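Undergrad: So that we are looking at the same thing, I have put the structure below in structure tokens.
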Amino acid sequence: MEREMKWHIYNMEHEPLCWDDKALEFDFPEDAHDFLRDVDEDLLEGVVVVQDILFYDGGYINATDLRIVNDELVKMEER
């Protein structure tokens with residue numbers, strides 16, 4: 001399967017941020033940073049946003065327009 005460059009959020013162990021065991025990926029760096037505003041601050045220490053090609057066995061979620069609301073991923077309405 002051919003993958004393309006996306007933006008991913010990694011911790012200091014170079015593990016991608018996941019939801020339901022699927023790696024979150026974003027089309028633009030701004031979307032990754034916007035998503036981080038909804039994440040528990042304890043998880044934010046040492047995270048980096050990186051553009052790369054990720055091969056992840058658990059699968060992927062394109063979280064470009066998703067945010068965390070009441071512990072669920074929801075699609076944002078108009079930006």
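In the structure tokens, chains take the letters A, B, ... in the order shown, each chain's residues start at 1, and ligands count up from 1 in the order shown.
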If we count only C-alpha atoms and set the cut-off at 10 Å, which residues sit around range 25-33 of chain A, ignoring sequence neighbours fewer than 2 positions away in its own chain? Please answer as a list in words.

TA: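 The neighbour list is Met5, Lys6, Trp7, His8, Ile9, Pro16, Leu17, Cys18, Lys22, Ala23, Phe35, Leu36, Arg37, Asp38, Val48, Val49, Val50, Gln51, Asp52, Ile53, Leu54, Tyr60, Ile61, Asn62, Ala63, Thr64, Asp65, Leu66 and Arg67 of chain A.
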
Undergrad: For those residues, write N, CA, C and O atoms to a file as a short mmCIF file (atom, residue, chain, number, x, y, z; two decimals), in the first residue's frame.

TA:
data_model
loop_
_atom_site.label_atom_id
_atom_site.label_comp_id
_atom_site.auth_asym_id
_atom_site.auth_seq_id
_atom_site.Cartn_x
_atom_site.Cartn_y
_atom_site.Cartn_z
N MET A 5 2.74 11.56 2.56
CA MET A 5 3.17 12.35 3.72
C MET A 5 1.95 12.95 4.42
O MET A 5 1.05 13.48 3.78
N LYS A 6 1.93 12.81 5.73
CA LYS A 6 0.91 13.40 6.60
C LYS A 6 1.62 13.95 7.82
O LYS A 6 2.81 13.71 8.05
N TRP A 7 0.90 14.68 8.63
CA TRP A 7 1.43 15.21 9.89
C TRP A 7 0.96 14.29 11.01
O TRP A 7 -0.21 13.90 11.06
N HIS A 8 1.89 13.92 11.90
CA HIS A 8 1.61 13.03 13.02
C HIS A 8 2.12 13.65 14.31
O HIS A 8 3.06 14.45 14.29
N ILE A 9 1.53 13.26 15.41
CA ILE A 9 1.94 13.70 16.73
C ILE A 9 2.64 12.53 17.40
O ILE A 9 2.08 11.44 17.50
N PRO A 16 3.34 7.20 17.88
CA PRO A 16 2.32 8.14 17.40
C PRO A 16 1.14 8.22 18.36
O PRO A 16 0.81 7.24 19.04
N LEU A 17 0.50 9.39 18.39
CA LEU A 17 -0.72 9.56 19.16
C LEU A 17 -1.81 8.75 18.47
O LEU A 17 -2.00 8.84 17.27
N CYS A 18 -2.51 7.93 19.26
CA CYS A 18 -3.52 7.02 18.70
C CYS A 18 -4.87 7.22 19.37
O CYS A 18 -4.96 7.75 20.48
N LYS A 22 -5.59 3.28 16.63
CA LYS A 22 -5.30 3.76 15.28
C LYS A 22 -4.52 5.07 15.38
O LYS A 22 -4.84 5.94 16.19
N ALA A 23 -3.49 5.21 14.56
CA ALA A 23 -2.67 6.42 14.57
C ALA A 23 -3.45 7.59 14.00
O ALA A 23 -4.11 7.46 12.95
N PHE A 35 -5.76 20.20 17.33
CA PHE A 35 -6.20 18.99 18.01
C PHE A 35 -5.57 18.88 19.40
O PHE A 35 -6.24 18.49 20.36
N LEU A 36 -4.31 19.26 19.50
CA LEU A 36 -3.60 19.16 20.79
C LEU A 36 -4.22 20.03 21.87
O LEU A 36 -4.08 19.75 23.05
N ARG A 37 -4.93 21.08 21.48
CA ARG A 37 -5.57 21.93 22.49
C ARG A 37 -6.63 21.19 23.29
O ARG A 37 -6.96 21.57 24.40
N ASP A 38 -7.18 20.10 22.71
CA ASP A 38 -8.22 19.33 23.39
C ASP A 38 -7.68 18.15 24.17
O ASP A 38 -8.43 17.43 24.82
N VAL A 48 5.80 16.11 19.78
CA VAL A 48 6.22 16.86 18.61
C VAL A 48 5.28 16.55 17.46
O VAL A 48 4.71 15.46 17.39
N VAL A 49 5.11 17.52 16.59
CA VAL A 49 4.32 17.35 15.37
C VAL A 49 5.31 17.24 14.23
O VAL A 49 6.16 18.12 14.05
N VAL A 50 5.22 16.14 13.46
CA VAL A 50 6.20 15.83 12.44
C VAL A 50 5.48 15.46 11.14
O VAL A 50 4.48 14.73 11.17
N GLN A 51 6.02 15.93 10.02
CA GLN A 51 5.52 15.49 8.73
C GLN A 51 6.37 14.31 8.27
O GLN A 51 7.60 14.41 8.19
N ASP A 52 5.70 13.18 8.02
CA ASP A 52 6.42 11.99 7.59
C ASP A 52 5.44 11.01 6.96
O ASP A 52 4.26 11.28 6.84
N ILE A 53 5.97 9.87 6.56
CA ILE A 53 5.14 8.76 6.08
C ILE A 53 5.17 7.71 7.18
O ILE A 53 6.22 7.19 7.53
N LEU A 54 4.00 7.44 7.76
CA LEU A 54 3.91 6.51 8.88
C LEU A 54 3.31 5.19 8.39
O LEU A 54 2.26 5.17 7.75
N TYR A 60 -5.18 3.76 10.69
CA TYR A 60 -5.06 5.22 10.71
C TYR A 60 -6.44 5.87 10.81
O TYR A 60 -7.42 5.32 10.35
N ILE A 61 -6.45 7.06 11.39
CA ILE A 61 -7.62 7.93 11.38
C ILE A 61 -7.15 9.29 10.89
O ILE A 61 -6.24 9.88 11.48
N ASN A 62 -7.74 9.77 9.80
CA ASN A 62 -7.44 11.13 9.38
C ASN A 62 -8.24 12.06 10.29
O ASN A 62 -9.46 12.16 10.19
N ALA A 63 -7.54 12.71 11.20
CA ALA A 63 -8.17 13.54 12.23
C ALA A 63 -8.13 15.02 11.89
O ALA A 63 -8.28 15.86 12.77
N THR A 64 -7.96 15.34 10.61
CA THR A 64 -7.82 16.73 10.19
C THR A 64 -8.93 17.62 10.72
O THR A 64 -8.67 18.70 11.22
N ASP A 65 -10.18 17.20 10.64
CA ASP A 65 -11.29 18.02 11.10
C ASP A 65 -11.96 17.44 12.34
O ASP A 65 -13.12 17.71 12.60
N LEU A 66 -11.24 16.64 13.09
CA LEU A 66 -11.81 16.02 14.29
C LEU A 66 -11.29 16.70 15.54
O LEU A 66 -10.16 17.18 15.59
N ARG A 67 -12.13 16.72 16.56
CA ARG A 67 -11.75 17.25 17.86
C ARG A 67 -12.30 16.31 18.92
O ARG A 67 -13.22 15.54 18.68
#

Undergrad: For range 12-15 of chain A, list every protein, DNA or RNA residue within 9 Å, evaluated using only C-alpha atoms, and leave out those in the same chain fewer than 6 positions away; present the list as JSON, numbers by chain.

TA: {"A": [45, 46, 47, 48]}

Undergrad: To one decimal place, how far is CA of Gly58 in chain A from CA of Trp19 in chain A in Å?

TA: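 Going from CA of Gly58 in chain A over to CA of Trp19 in chain A covers 10.0 Å.
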
Undergrad: Pick the closest to Asp42 in chain A from A:Lys75, A:Asn11, A:Glu2, A:Asn70: which is it, counting only C-alpha atoms?

TA: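 Among the listed residues, A:Asn11 lies closest to Asp42 in chain A.
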
Undergrad: With distances taken over only C-alpha atoms, which of A:Asp20, A:Glu4, A:Asp57, A:Asp40 is nearest to Val69 in chain A?

TA: A:Asp40

Undergrad: Using DSSP secondary structure from the backbone, list all strand (DSSP E) positions within range 2-75 of chain A, as an MDAnalysis selection string.

TA: chainID A and resid 6:10 18:19 22:26 48:52 60:62 66:69 72:75
